[in-house]
file upload.txt (compact mmCIF, C-alpha atoms)
# COMPACT_ATOMS: atom_id res chain seq x y z
CA MET T 1 -51.12 -195.32 68.56
CA PRO T 2 -51.67 -194.67 64.85
CA LYS T 3 -52.98 -196.95 62.18
CA ILE T 4 -50.72 -196.92 59.13
CA ALA T 5 -51.83 -198.45 55.83
CA ILE T 6 -49.36 -199.26 53.05
CA ILE T 7 -51.13 -199.58 49.70
CA GLY T 8 -49.05 -201.66 47.31
CA ALA T 9 -47.38 -203.55 50.14
CA GLY T 10 -46.51 -206.51 47.91
CA GLY T 11 -43.55 -204.71 46.36
CA ILE T 12 -40.20 -206.46 46.45
CA THR T 13 -38.30 -204.35 48.99
CA PHE T 14 -39.62 -200.82 49.44
CA PRO T 15 -42.70 -201.57 51.62
CA LEU T 16 -40.55 -203.77 53.84
CA ARG T 17 -37.92 -201.03 54.14
CA LEU T 18 -40.61 -198.56 55.25
CA ALA T 19 -42.01 -201.07 57.73
CA ALA T 20 -38.50 -201.56 59.09
CA ASP T 21 -38.24 -197.80 59.62
CA LEU T 22 -41.33 -198.07 61.81
CA LEU T 23 -39.70 -200.87 63.83
CA ALA T 24 -36.52 -198.80 64.18
CA LEU T 25 -38.40 -195.90 65.84
CA PRO T 26 -39.38 -196.80 69.43
CA GLU T 27 -41.88 -193.92 69.52
CA LEU T 28 -44.01 -195.81 66.97
CA HIS T 29 -43.91 -199.24 68.60
CA GLY T 30 -47.40 -200.48 69.29
CA SER T 31 -48.79 -198.98 66.08
CA GLU T 32 -51.15 -200.84 63.77
CA LEU T 33 -49.64 -201.59 60.36
CA VAL T 34 -51.88 -202.78 57.54
CA LEU T 35 -50.21 -204.20 54.44
CA MET T 36 -52.63 -203.99 51.52
CA ASP T 37 -52.04 -205.31 48.01
CA LEU T 38 -54.30 -206.55 45.22
CA SER T 39 -52.29 -209.76 45.52
CA LEU T 40 -52.91 -211.07 49.03
CA LYS T 41 -50.10 -213.58 48.53
CA ARG T 42 -47.59 -210.77 47.97
CA ALA T 43 -48.92 -208.77 50.92
CA VAL T 44 -48.59 -211.85 53.15
CA ARG T 45 -44.98 -212.28 52.01
CA THR T 46 -44.22 -208.79 53.29
CA LEU T 47 -46.23 -209.44 56.47
CA ARG T 48 -44.24 -212.56 57.31
CA ALA T 49 -41.01 -210.63 56.85
CA VAL T 50 -42.26 -207.86 59.17
CA GLN T 51 -43.34 -210.41 61.78
CA GLU T 52 -39.94 -212.10 61.61
CA LEU T 53 -38.23 -208.78 62.23
CA CYS T 54 -40.60 -207.98 65.11
CA ALA T 55 -39.80 -211.31 66.75
CA HIS T 56 -36.06 -210.91 66.22
CA HIS T 57 -35.88 -207.37 67.62
CA GLY T 58 -38.59 -207.76 70.26
CA VAL T 59 -40.87 -205.08 68.82
CA GLU T 60 -44.56 -204.93 69.64
CA LEU T 61 -46.56 -204.22 66.48
CA GLU T 62 -50.06 -205.11 65.34
CA ALA T 63 -49.51 -206.04 61.69
CA TRP T 64 -51.85 -207.72 59.24
CA ALA T 65 -52.37 -208.12 55.50
CA THR T 66 -55.39 -207.73 53.26
CA ASP T 67 -56.43 -207.32 49.65
CA ASP T 68 -59.44 -205.20 50.69
CA ARG T 69 -58.50 -201.53 50.32
CA ARG T 70 -61.46 -200.11 52.24
CA GLU T 71 -60.78 -202.46 55.12
CA ALA T 72 -57.16 -201.33 55.16
CA LEU T 73 -58.10 -197.65 55.11
CA GLN T 74 -60.85 -197.77 57.75
CA GLY T 75 -59.68 -195.46 60.53
CA ALA T 76 -56.17 -195.04 59.15
CA GLY T 77 -54.26 -191.93 60.13
CA TYR T 78 -51.62 -192.39 57.44
CA VAL T 79 -51.84 -193.93 53.98
CA ILE T 80 -48.57 -194.73 52.21
CA LEU T 81 -48.71 -195.36 48.46
CA THR T 82 -46.03 -197.61 46.93
CA PHE T 83 -47.69 -199.32 43.96
CA GLN T 84 -47.17 -199.58 40.22
CA VAL T 85 -49.94 -200.44 37.76
CA GLY T 86 -49.22 -202.84 34.91
CA GLY T 87 -45.97 -204.31 36.15
CA ILE T 88 -43.07 -205.12 33.85
CA GLU T 89 -45.31 -205.70 30.84
CA ALA T 90 -46.65 -202.13 30.87
CA TYR T 91 -43.27 -200.71 31.79
CA ARG T 92 -41.70 -202.48 28.83
CA ALA T 93 -44.15 -200.69 26.52
CA ASP T 94 -43.35 -197.38 28.26
CA LEU T 95 -39.72 -197.65 27.18
CA GLU T 96 -39.53 -199.93 24.16
CA ILE T 97 -42.16 -198.19 22.02
CA PRO T 98 -40.58 -194.73 22.41
CA ARG T 99 -37.17 -196.26 21.67
CA LYS T 100 -38.49 -197.37 18.28
CA TYR T 101 -39.06 -193.68 17.54
CA GLY T 102 -35.66 -192.60 18.89
CA VAL T 103 -36.74 -191.49 22.39
CA ASP T 104 -34.44 -193.51 24.63
CA LEU T 105 -35.27 -193.21 28.34
CA PRO T 106 -33.17 -195.05 30.95
CA ALA T 107 -35.88 -194.79 33.65
CA GLY T 108 -38.99 -193.22 32.10
CA ASP T 109 -40.91 -192.89 35.37
CA THR T 110 -41.18 -189.13 35.80
CA LEU T 111 -41.64 -187.31 32.49
CA GLY T 112 -41.75 -188.08 28.78
CA PRO T 113 -43.71 -190.97 27.27
CA GLY T 114 -42.94 -193.30 30.17
CA GLY T 115 -43.89 -190.82 32.87
CA VAL T 116 -47.11 -189.75 31.15
CA PHE T 117 -48.30 -193.31 30.56
CA ARG T 118 -47.31 -194.47 34.03
CA PHE T 119 -49.56 -191.69 35.34
CA LEU T 120 -52.41 -192.57 32.98
CA ARG T 121 -52.31 -196.19 34.16
CA SER T 122 -52.20 -195.11 37.79
CA ALA T 123 -55.05 -192.61 37.54
CA PRO T 124 -57.99 -195.04 38.03
CA ALA T 125 -56.35 -196.53 41.14
CA LEU T 126 -55.45 -193.10 42.50
CA ARG T 127 -59.02 -191.89 41.98
CA ASP T 128 -60.45 -194.90 43.83
CA ILE T 129 -57.96 -194.54 46.68
CA ALA T 130 -58.74 -190.83 47.03
CA GLN T 131 -62.47 -191.51 47.09
CA ASP T 132 -62.04 -194.23 49.72
CA VAL T 133 -59.84 -191.97 51.85
CA ARG T 134 -62.48 -189.24 51.71
CA ALA T 135 -65.13 -191.77 52.73
CA VAL T 136 -63.46 -193.75 55.53
CA CYS T 137 -60.42 -191.76 56.79
CA PRO T 138 -60.84 -188.15 55.58
CA GLU T 139 -58.27 -186.73 58.01
CA ALA T 140 -55.53 -189.17 57.00
CA TRP T 141 -52.27 -187.95 55.53
CA VAL T 142 -51.57 -189.58 52.17
CA LEU T 143 -47.82 -190.06 51.80
CA ASN T 144 -47.14 -190.77 48.14
CA TYR T 145 -43.97 -192.55 47.04
CA THR T 146 -45.37 -193.53 43.64
CA ASN T 147 -43.99 -192.03 40.43
CA PRO T 148 -44.56 -189.89 38.45
CA MET T 149 -44.50 -187.89 41.66
CA ALA T 150 -45.74 -184.51 40.43
CA MET T 151 -48.58 -185.82 38.26
CA ASN T 152 -49.78 -188.26 40.91
CA CYS T 153 -49.77 -185.63 43.67
CA LEU T 154 -51.58 -183.08 41.51
CA TYR T 155 -54.24 -185.62 40.65
CA LEU T 156 -54.72 -186.81 44.25
CA ALA T 157 -54.95 -183.23 45.47
CA ALA T 158 -57.75 -182.58 42.99
CA PHE T 159 -59.90 -184.93 45.10
CA GLY T 160 -59.28 -182.96 48.28
CA VAL T 161 -57.09 -185.43 50.19
CA LYS T 162 -54.17 -184.27 52.33
CA VAL T 163 -51.31 -185.50 50.15
CA VAL T 164 -47.58 -184.92 50.27
CA GLY T 165 -45.17 -186.64 47.89
CA LEU T 166 -41.92 -188.01 49.30
CA CYS T 167 -38.68 -188.59 47.42
CA HIS T 168 -35.13 -189.22 48.61
CA SER T 169 -33.41 -187.33 45.75
CA ILE T 170 -32.73 -184.11 47.69
CA PRO T 171 -31.27 -185.68 50.87
CA GLY T 172 -29.49 -188.29 48.74
CA THR T 173 -27.87 -185.59 46.61
CA ALA T 174 -26.97 -183.64 49.75
CA ARG T 175 -25.09 -186.68 51.07
CA MET T 176 -23.31 -187.04 47.74
CA LEU T 177 -22.32 -183.35 47.71
CA ALA T 178 -21.03 -183.53 51.28
CA GLU T 179 -18.79 -186.43 50.32
CA LYS T 180 -17.67 -184.81 47.12
CA LEU T 181 -16.81 -181.56 48.90
CA GLY T 182 -15.20 -183.28 51.87
CA VAL T 183 -17.68 -181.75 54.30
CA PRO T 184 -19.28 -183.69 57.18
CA LEU T 185 -22.94 -184.12 56.33
CA GLU T 186 -24.03 -182.66 59.67
CA GLU T 187 -22.12 -179.46 58.83
CA LEU T 188 -23.63 -179.06 55.36
CA GLU T 189 -26.37 -176.43 55.33
CA TYR T 190 -28.56 -176.41 52.26
CA LEU T 191 -31.82 -175.19 50.82
CA ALA T 192 -33.34 -176.79 47.75
CA ALA T 193 -36.54 -176.05 45.86
CA GLY T 194 -38.12 -176.54 42.45
CA ILE T 195 -39.94 -179.64 41.22
CA ASN T 196 -39.44 -183.33 41.88
CA HIS T 197 -36.26 -184.67 40.26
CA GLN T 198 -35.39 -181.13 39.18
CA ALA T 199 -35.04 -179.19 42.41
CA TRP T 200 -32.20 -176.69 42.68
CA PHE T 201 -29.69 -176.41 45.51
CA LEU T 202 -30.20 -172.70 46.07
CA ARG T 203 -27.98 -172.61 49.13
CA LEU T 204 -25.01 -174.87 49.89
CA GLU T 205 -22.90 -173.73 52.83
CA GLN T 206 -20.55 -174.78 55.61
CA GLY T 207 -20.16 -172.40 58.53
CA GLY T 208 -21.49 -169.52 56.47
CA GLU T 209 -19.16 -170.22 53.50
CA ASP T 210 -20.86 -170.52 50.11
CA LEU T 211 -19.70 -173.89 48.72
CA ARG T 212 -21.24 -173.50 45.27
CA PRO T 213 -18.14 -171.90 43.68
CA ARG T 214 -15.95 -174.73 45.00
CA LEU T 215 -18.43 -177.33 43.74
CA LEU T 216 -18.61 -175.78 40.28
CA GLU T 217 -14.82 -175.56 40.07
CA ARG T 218 -14.50 -179.23 40.95
CA LEU T 219 -17.23 -180.33 38.55
CA ARG T 220 -15.59 -178.42 35.73
CA ALA T 221 -12.17 -179.89 36.47
CA GLU T 222 -13.50 -183.44 36.64
CA PHE T 223 -16.17 -183.65 33.98
CA LEU T 224 -16.23 -180.79 31.48
CA PRO T 225 -13.81 -181.03 28.52
CA GLU T 226 -13.97 -177.29 27.90
CA TYR T 227 -12.28 -176.82 31.28
CA GLY T 228 -9.86 -179.74 30.90
CA GLY T 229 -12.03 -182.31 32.66
CA SER T 230 -12.16 -185.82 31.23
CA THR T 231 -12.54 -188.25 34.12
CA PRO T 232 -13.51 -191.63 32.59
CA TRP T 233 -15.90 -194.01 34.25
CA THR T 234 -14.40 -197.23 35.56
CA GLU T 235 -16.04 -200.33 36.99
CA GLY T 236 -16.68 -200.14 40.71
CA THR T 237 -16.58 -196.38 41.14
CA PRO T 238 -19.53 -194.59 42.77
CA THR T 239 -22.17 -193.36 40.34
CA TYR T 240 -21.49 -189.70 41.05
CA VAL T 241 -17.79 -189.83 40.09
CA GLY T 242 -15.78 -191.25 37.20
CA GLY T 243 -17.63 -189.58 34.35
CA GLN T 244 -21.16 -190.33 35.52
CA GLU T 245 -22.14 -186.81 36.54
CA ARG T 246 -21.25 -184.86 33.44
CA VAL T 247 -24.91 -184.03 32.78
CA ARG T 248 -25.38 -182.39 36.17
CA ALA T 249 -22.01 -180.69 35.82
CA GLU T 250 -23.09 -179.21 32.46
CA LEU T 251 -26.41 -178.11 33.93
CA MET T 252 -24.74 -176.36 36.85
CA ASP T 253 -22.23 -174.73 34.51
CA ALA T 254 -25.09 -173.47 32.32
CA PHE T 255 -27.73 -172.59 34.93
CA GLY T 256 -25.60 -171.83 37.98
CA TYR T 257 -27.19 -174.31 40.41
CA PHE T 258 -26.92 -178.06 41.06
CA VAL T 259 -30.01 -180.22 40.47
CA SER T 260 -31.36 -182.92 42.73
CA GLU T 261 -31.50 -185.99 40.51
CA SER T 262 -28.77 -188.15 38.96
CA SER T 263 -27.36 -187.51 35.51
CA HIS T 264 -29.22 -190.56 34.17
CA HIS T 265 -32.56 -189.16 35.27
CA SER T 266 -31.72 -185.52 34.61
CA SER T 267 -30.81 -186.27 31.00
CA GLU T 268 -34.43 -187.33 30.42
CA TYR T 269 -35.93 -183.98 31.41
CA VAL T 270 -33.99 -181.65 29.10
CA PRO T 271 -33.40 -181.58 25.32
CA TYR T 272 -29.60 -181.48 25.37
CA PHE T 273 -27.98 -184.84 26.07
CA ARG T 274 -29.93 -187.70 24.45
CA LYS T 275 -30.18 -186.65 20.80
CA ASN T 276 -28.41 -189.81 19.52
CA PRO T 277 -26.61 -192.87 20.95
CA GLU T 278 -23.18 -191.31 20.45
CA LEU T 279 -24.11 -188.25 22.50
CA VAL T 280 -25.62 -190.42 25.23
CA SER T 281 -22.39 -192.43 25.45
CA GLU T 282 -20.35 -189.26 25.61
CA TYR T 283 -22.33 -187.77 28.49
CA ILE T 284 -23.22 -190.99 30.33
CA PRO T 285 -20.55 -193.58 29.52
CA ARG T 286 -22.04 -196.30 31.71
CA ARG T 287 -25.38 -197.49 30.35
CA TRP T 288 -28.01 -197.67 33.09
CA ASP T 289 -31.37 -199.18 32.15
CA TYR T 290 -33.99 -199.64 34.85
CA LEU T 291 -36.17 -201.85 32.63
CA ARG T 292 -33.26 -204.25 32.18
CA PHE T 293 -32.76 -204.24 35.96
CA CYS T 294 -36.44 -205.03 36.56
CA ILE T 295 -36.43 -207.88 34.05
CA ALA T 296 -33.25 -209.33 35.56
CA ASN T 297 -34.83 -209.33 39.02
CA ALA T 298 -38.26 -210.65 38.02
CA GLY T 299 -39.14 -213.78 39.96
CA LYS T 300 -36.60 -213.11 42.69
CA GLU T 301 -39.05 -211.62 45.19
CA GLU T 302 -38.58 -214.32 47.84
CA GLU T 303 -34.81 -214.26 47.49
CA GLN T 304 -34.61 -210.47 47.76
CA THR T 305 -37.03 -210.35 50.69
CA LEU T 306 -34.98 -212.93 52.60
CA ALA T 307 -31.78 -211.01 51.91
CA LEU T 308 -33.30 -207.77 53.16
CA VAL T 309 -34.69 -209.46 56.28
CA GLU T 310 -31.26 -210.82 57.14
CA ALA T 311 -29.70 -207.39 56.61
CA LEU T 312 -32.35 -205.77 58.81
CA LYS T 313 -31.80 -208.35 61.52
CA ARG T 314 -28.18 -207.25 61.67
CA ASP T 315 -28.90 -203.53 61.44
CA LEU T 316 -32.27 -201.89 62.04
CA THR T 317 -31.02 -198.34 61.62
CA PRO T 318 -33.72 -196.08 60.12
CA SER T 319 -33.31 -195.29 56.43
CA ALA T 320 -33.25 -191.78 55.00
CA GLU T 321 -36.87 -192.10 53.83
CA TYR T 322 -39.16 -189.43 55.26
CA GLY T 323 -42.38 -191.44 55.74
CA MET T 324 -41.99 -192.73 59.30
CA GLN T 325 -40.17 -189.56 60.37
CA ILE T 326 -43.31 -187.60 59.42
CA ILE T 327 -45.56 -189.98 61.33
CA ARG T 328 -43.36 -189.80 64.42
CA ALA T 329 -43.28 -186.00 64.26
CA VAL T 330 -47.07 -185.74 64.07
CA GLU T 331 -47.83 -188.44 66.64
CA ARG T 332 -45.21 -187.44 69.20
CA GLY T 333 -45.09 -183.70 68.57
CA GLN T 334 -41.39 -183.87 67.79
CA PRO T 335 -40.86 -181.27 65.05
CA THR T 336 -38.77 -182.30 62.07
CA ARG T 337 -37.86 -180.94 58.66
CA VAL T 338 -38.37 -182.80 55.39
CA TYR T 339 -38.70 -182.06 51.71
CA GLY T 340 -42.15 -182.63 50.28
CA ASN T 341 -43.98 -182.42 46.98
CA VAL T 342 -47.14 -180.34 47.29
CA VAL T 343 -49.44 -178.21 45.19
CA ASN T 344 -47.90 -174.76 44.95
CA ARG T 345 -49.67 -172.21 47.11
CA GLY T 346 -47.18 -169.42 46.68
CA TYR T 347 -44.34 -171.49 48.15
CA VAL T 348 -42.34 -170.88 44.96
CA GLU T 349 -43.45 -167.45 43.79
CA ASN T 350 -42.41 -167.71 40.14
CA LEU T 351 -43.84 -171.16 39.44
CA PRO T 352 -47.55 -171.68 38.67
CA ALA T 353 -49.98 -172.02 41.56
CA GLU T 354 -51.33 -175.21 39.98
CA ALA T 355 -47.87 -176.81 39.74
CA CYS T 356 -46.57 -179.49 42.10
CA VAL T 357 -43.42 -178.13 43.73
CA GLU T 358 -40.78 -179.69 45.97
CA VAL T 359 -39.99 -177.48 48.96
CA PRO T 360 -38.82 -177.77 52.56
CA CYS T 361 -41.59 -178.61 55.02
CA THR T 362 -41.77 -178.49 58.78
CA VAL T 363 -43.72 -181.27 60.47
CA ASP T 364 -45.25 -181.09 63.93
CA ALA T 365 -48.29 -182.32 65.83
CA SER T 366 -50.59 -180.34 63.54
CA GLY T 367 -49.24 -181.84 60.31
CA VAL T 368 -47.00 -181.04 57.36
CA HIS T 369 -46.37 -177.36 56.66
CA PRO T 370 -44.67 -176.40 53.35
CA GLN T 371 -42.37 -173.41 53.70
CA PRO T 372 -42.17 -170.49 51.26
CA VAL T 373 -38.84 -170.12 49.46
CA GLY T 374 -39.55 -166.96 47.45
CA ARG T 375 -38.53 -166.77 43.81
CA LEU T 376 -36.23 -169.21 42.07
CA PRO T 377 -33.49 -167.77 39.85
CA LEU T 378 -35.31 -166.96 36.63
CA GLN T 379 -33.37 -169.43 34.50
CA CYS T 380 -34.08 -172.24 37.00
CA ALA T 381 -37.79 -171.46 37.09
CA ALA T 382 -37.83 -171.39 33.28
CA LEU T 383 -36.34 -174.88 33.01
CA ASN T 384 -38.80 -176.16 35.63
CA GLN T 385 -41.63 -174.70 33.53
CA THR T 386 -40.68 -176.88 30.56
CA ASN T 387 -41.41 -179.91 32.76
CA ILE T 388 -44.44 -178.47 34.55
CA LEU T 389 -46.46 -177.86 31.38
CA PRO T 390 -46.44 -181.52 30.21
CA GLN T 391 -47.30 -182.61 33.77
CA GLN T 392 -50.29 -180.29 33.85
CA LEU T 393 -51.51 -181.44 30.44
CA ALA T 394 -51.32 -185.11 31.43
CA VAL T 395 -53.32 -184.47 34.61
CA ALA T 396 -55.82 -182.31 32.70
CA ALA T 397 -56.25 -185.12 30.17
CA VAL T 398 -57.68 -187.33 32.92
CA LEU T 399 -59.56 -184.71 34.93
CA GLU T 400 -61.22 -183.33 31.78
CA GLN T 401 -61.36 -186.72 29.98
CA ASN T 402 -59.67 -185.09 27.02
CA PRO T 403 -57.66 -187.66 25.01
CA GLU T 404 -56.01 -184.97 22.89
CA HIS T 405 -54.17 -183.65 25.93
CA VAL T 406 -52.20 -186.92 26.09
CA THR T 407 -50.62 -186.06 22.75
CA HIS T 408 -50.27 -182.43 23.78
CA ALA T 409 -48.29 -183.47 26.86
CA LEU T 410 -45.81 -185.41 24.73
CA LEU T 411 -45.60 -182.69 22.10
CA LEU T 412 -44.38 -180.38 24.87
CA ASP T 413 -42.08 -182.85 26.60
CA PRO T 414 -38.59 -181.31 26.19
CA LEU T 415 -36.75 -184.45 25.10
CA THR T 416 -39.52 -185.81 22.86
CA ALA T 417 -39.90 -182.44 21.16
CA ALA T 418 -36.15 -182.29 20.52
CA LEU T 419 -36.24 -185.62 18.70
CA LEU T 420 -39.60 -186.05 16.96
CA THR T 421 -41.87 -184.15 14.60
CA PRO T 422 -45.53 -183.65 15.57
CA PRO T 423 -46.69 -186.51 13.27
CA GLN T 424 -44.13 -188.82 14.86
CA VAL T 425 -45.31 -187.83 18.35
CA GLN T 426 -48.89 -188.53 17.32
CA ALA T 427 -47.95 -191.94 15.91
CA MET T 428 -45.96 -192.87 19.03
CA THR T 429 -48.80 -191.77 21.32
CA ALA T 430 -51.32 -193.82 19.34
CA GLU T 431 -49.09 -196.90 19.56
CA LEU T 432 -48.62 -196.48 23.30
CA LEU T 433 -52.36 -196.08 23.80
CA GLN T 434 -53.06 -199.21 21.79
CA ALA T 435 -50.45 -201.26 23.67
CA GLN T 436 -51.76 -200.27 27.12
CA GLN T 437 -55.53 -200.34 26.58
CA ARG T 438 -56.31 -202.72 29.43
CA TRP T 439 -54.74 -200.49 32.11
CA LEU T 440 -55.89 -197.06 30.93
CA PRO T 441 -58.85 -194.97 32.08
CA GLU T 442 -62.07 -195.84 30.28
CA PHE T 443 -62.11 -192.69 28.11
CA LEU T 444 -58.79 -193.73 26.54
CA ARG T 445 -59.84 -197.25 25.58
CA GLN T 446 -61.45 -196.43 22.26
CA GLY T 447 -58.68 -196.18 19.69
CA GLY T 448 -56.23 -193.58 20.96
CA ALA T 449 -55.73 -189.87 21.45
CA GLY T 450 -58.20 -187.72 19.63
CA ALA T 451 -60.84 -190.47 19.43

call {"tool": "encode", "arguments": {"input": "upload.txt", "output": "structure tokens"}}
result
Amino acid sequence: MPKIAIIGAGGITFPLRLAADLLALPELHGSELVLMDLSLKRAVRTLRAVQELCAHHGVELEAWATDDRREALQGAGYVILTFQVGGIEAYRADLEIPRKYGVDLPAGDTLGPGGVFRFLRSAPALRDIAQDVRAVCPEAWVLNYTNPMAMNCLYLAAFGVKVVGLCHSIPGTARMLAEKLGVPLEELEYLAAGINHQAWFLRLEQGGEDLRPRLLERLRAEFLPEYGGSTPWTEGTPTYVGGQERVRAELMDAFGYFVSESSHHSSEYVPYFRKNPELVSEYIPRRWDYLRFCIANAGKEEEQTLALVEALKRDLTPSAEYGMQIIRAVERGQPTRVYGNVVNRGYVENLPAEACVEVPCTVDASGVHPQPVGRLPLQCAALNQTNILPQQLAVAAVLEQNPEHVTHALLLDPLTAALLTPPQVQAMTAELLQAQQRWLPEFLRQGGAGA
């Protein structure tokens, strides 16, 4: 049976949810699960929760915790990454400093100032993990859940590890679309491709019928004033109705295809919807702020872990996360289909070969196999390119140890460029570098970009 190592296993709920997926799959019972975190106390908290679930459900599992990464990786067949460097303090700088300059990000974990600096902080840890994987478990699959997905996967791949990035945005959006269209999920046939958090639903069908015209008609009628739509958001309604999906409705109306991430996230990756507070309120009437959520939940780790354990005692149904599905498919030779983030090798013909793309993948006993999807519609590929270029510059900044590329990445970020002049971008970058010195790669610790 496989050895599975979770790096960053001290997280509040996500590592435990992945471990529960393992327990919910009988084919993986008897595996070895190593929970590694720099804080052994936090890793042990997750371990105790896993052991409680094993005892409750009668599952045989060899599980243990450690703060020694090499020990955790020794002989591992699968390495799952779920960590964040710098915690709330660094994340606060990611969002609050750009907000001083007028760049207001609700999540800031994928692109823009927050995404770039989250990657820069993660780079030293990712480098060390990749080097350890090459040394002690070179054939292991690295399953990355850590944002910014594209930058992290590109960087890990540069060290020669077998990495695939996993995100629930495509299957989650598919479930939302099935509900919105009144189609049973099992009857919805779809193909999506592009980049993480900005993949396009190229095909959306039921029984051979193209559902995209019906979807666009409904989105226009509900959300777009130019077509008579004006659905307001009200407390208690799902996030994808009641005025909360106007951004994605506008993007589909303009580009012809639906994108894979929520309107909150999607508004961060384009220059159109966050130019001022009034425009933000018009397009996203309910304020969603992930930093505020994190602050509100700080110190509640034990409480949230206990709540999740009780929920998993009642219902151990596997989640929609791909990680354990991939491991089961490889170990048991049971082919499955997932969406993965991988370095482009011609899978998307009109995106750069050095980009990280999100495409369908088949998984079998020989591993994860990305599938070619041909060319994206030109307008979709063009919008993806505006996100790919900053991602590449941020990764190049670290690989080449070129501080100027940090500023270059933010100069080319679509939202930042729509709001700030080059001198303002330079000043914001310098302030972010100064605020995060202790977490950054060594070459960035001497006074800021350009030093």

call {"tool": "residues_around", "arguments": {"input": "upload.txt", "residues": "region 114-119 of chain T", "least_positions_apart": "2", "cutoff": "10 Å", "atoms": "all atoms listed in the file", "output": "PyMOL selection string"}}
result
chain T and resi 84-86+90-98+105-112+121-124+126+146-152+155+390-391+393-395+398+406-407+409-410+413+429+432-433+436+439-440

call {"tool": "closest_atom_pairs", "arguments": {"input": "upload.txt", "of": "region 42-146 of chain T", "to": "region 160-167 of chain T", "cutoff": "10 Å", "atoms": "all atoms listed in the file", "output": "JSON lines"}}
result
{"residue": "T:Tyr78", "atom": "CA", "partner": "T:Lys162", "partner_atom": "CA", "distance": 9.9}
{"residue": "T:Val79", "atom": "CA", "partner": "T:Val163", "partner_atom": "CA", "distance": 9.3}
{"residue": "T:Ile80", "atom": "CA", "partner": "T:Gly165", "partner_atom": "CA", "distance": 9.8}
{"residue": "T:Leu81", "atom": "CA", "partner": "T:Gly165", "partner_atom": "CA", "distance": 9.4}
{"residue": "T:Ile129", "atom": "CA", "partner": "T:Val161", "partner_atom": "CA", "distance": 9.8}
{"residue": "T:Ala130", "atom": "CA", "partner": "T:Val161", "partner_atom": "CA", "distance": 6.5}
{"residue": "T:Gln131", "atom": "CA", "partner": "T:Val161", "partner_atom": "CA", "distance": 8.7}
{"residue": "T:Val133", "atom": "CA", "partner": "T:Val161", "partner_atom": "CA", "distance": 7.3}
{"residue": "T:Arg134", "atom": "CA", "partner": "T:Val161", "partner_atom": "CA", "distance": 6.8}
{"residue": "T:Cys137", "atom": "CA", "partner": "T:Val161", "partner_atom": "CA", "distance": 9.7}
{"residue": "T:Pro138", "atom": "CA", "partner": "T:Val161", "partner_atom": "CA", "distance": 7.1}
{"residue": "T:Glu139", "atom": "CA", "partner": "T:Lys162", "partner_atom": "CA", "distance": 7.4}
{"residue": "T:Ala140", "atom": "CA", "partner": "T:Lys162", "partner_atom": "CA", "distance": 6.9}
{"residue": "T:Trp141", "atom": "CA", "partner": "T:Lys162", "partner_atom": "CA", "distance": 5.2}
{"residue": "T:Val142", "atom": "CA", "partner": "T:Val163", "partner_atom": "CA", "distance": 4.6}
{"residue": "T:Leu143", "atom": "CA", "partner": "T:Val164", "partner_atom": "CA", "distance": 5.4}
{"residue": "T:Asn144", "atom": "CA", "partner": "T:Gly165", "partner_atom": "CA", "distance": 4.6}
{"residue": "T:Tyr145", "atom": "CA", "partner": "T:Leu166", "partner_atom": "CA", "distance": 5.5}
{"residue": "T:Thr146", "atom": "CA", "partner": "T:Gly165", "partner_atom": "CA", "distance": 8.1}

call {"tool": "residues_around", "arguments": {"input": "upload.txt", "residues": "Ile327 (chain T)", "least_positions_apart": "2", "cutoff": "12 Å", "atoms": "all atoms listed in the file", "output": "VMD selection string"}}
result
chain T and resid 1 to 5 18 21 to 22 25 27 to 29 31 76 to 80 140 to 143 321 to 325 329 to 336 338 363 to 368

call {"tool": "write_last_selection", "arguments": {"input": "upload.txt", "atoms": "C-alpha atoms", "output": "short mmCIF file (atom, residue, chain, number, x, y, z; two decimals), keeping the file's coordinate frame"}}
result
data_model
loop_
_atom_site.label_atom_id
_atom_site.label_comp_id
_atom_site.auth_asym_id
_atom_site.auth_seq_id
_atom_site.Cartn_x
_atom_site.Cartn_y
_atom_site.Cartn_z
CA MET T 1 -51.12 -195.32 68.56
CA PRO T 2 -51.67 -194.67 64.85
CA LYS T 3 -52.98 -196.95 62.18
CA ILE T 4 -50.72 -196.92 59.13
CA ALA T 5 -51.83 -198.45 55.83
CA LEU T 18 -40.61 -198.56 55.25
CA ASP T 21 -38.24 -197.80 59.62
CA LEU T 22 -41.33 -198.07 61.81
CA LEU T 25 -38.40 -195.90 65.84
CA GLU T 27 -41.88 -193.92 69.52
CA LEU T 28 -44.01 -195.81 66.97
CA HIS T 29 -43.91 -199.24 68.60
CA SER T 31 -48.79 -198.98 66.08
CA ALA T 76 -56.17 -195.04 59.15
CA GLY T 77 -54.26 -191.93 60.13
CA TYR T 78 -51.62 -192.39 57.44
CA VAL T 79 -51.84 -193.93 53.98
CA ILE T 80 -48.57 -194.73 52.21
CA ALA T 140 -55.53 -189.17 57.00
CA TRP T 141 -52.27 -187.95 55.53
CA VAL T 142 -51.57 -189.58 52.17
CA LEU T 143 -47.82 -190.06 51.80
CA GLU T 321 -36.87 -192.10 53.83
CA TYR T 322 -39.16 -189.43 55.26
CA GLY T 323 -42.38 -191.44 55.74
CA MET T 324 -41.99 -192.73 59.30
CA GLN T 325 -40.17 -189.56 60.37
CA ALA T 329 -43.28 -186.00 64.26
CA VAL T 330 -47.07 -185.74 64.07
CA GLU T 331 -47.83 -188.44 66.64
CA ARG T 332 -45.21 -187.44 69.20
CA GLY T 333 -45.09 -183.70 68.57
CA GLN T 334 -41.39 -183.87 67.79
CA PRO T 335 -40.86 -181.27 65.05
CA THR T 336 -38.77 -182.30 62.07
CA VAL T 338 -38.37 -182.80 55.39
CA VAL T 363 -43.72 -181.27 60.47
CA ASP T 364 -45.25 -181.09 63.93
CA ALA T 365 -48.29 -182.32 65.83
CA SER T 366 -50.59 -180.34 63.54
CA GLY T 367 -49.24 -181.84 60.31
CA VAL T 368 -47.00 -181.04 57.36
#
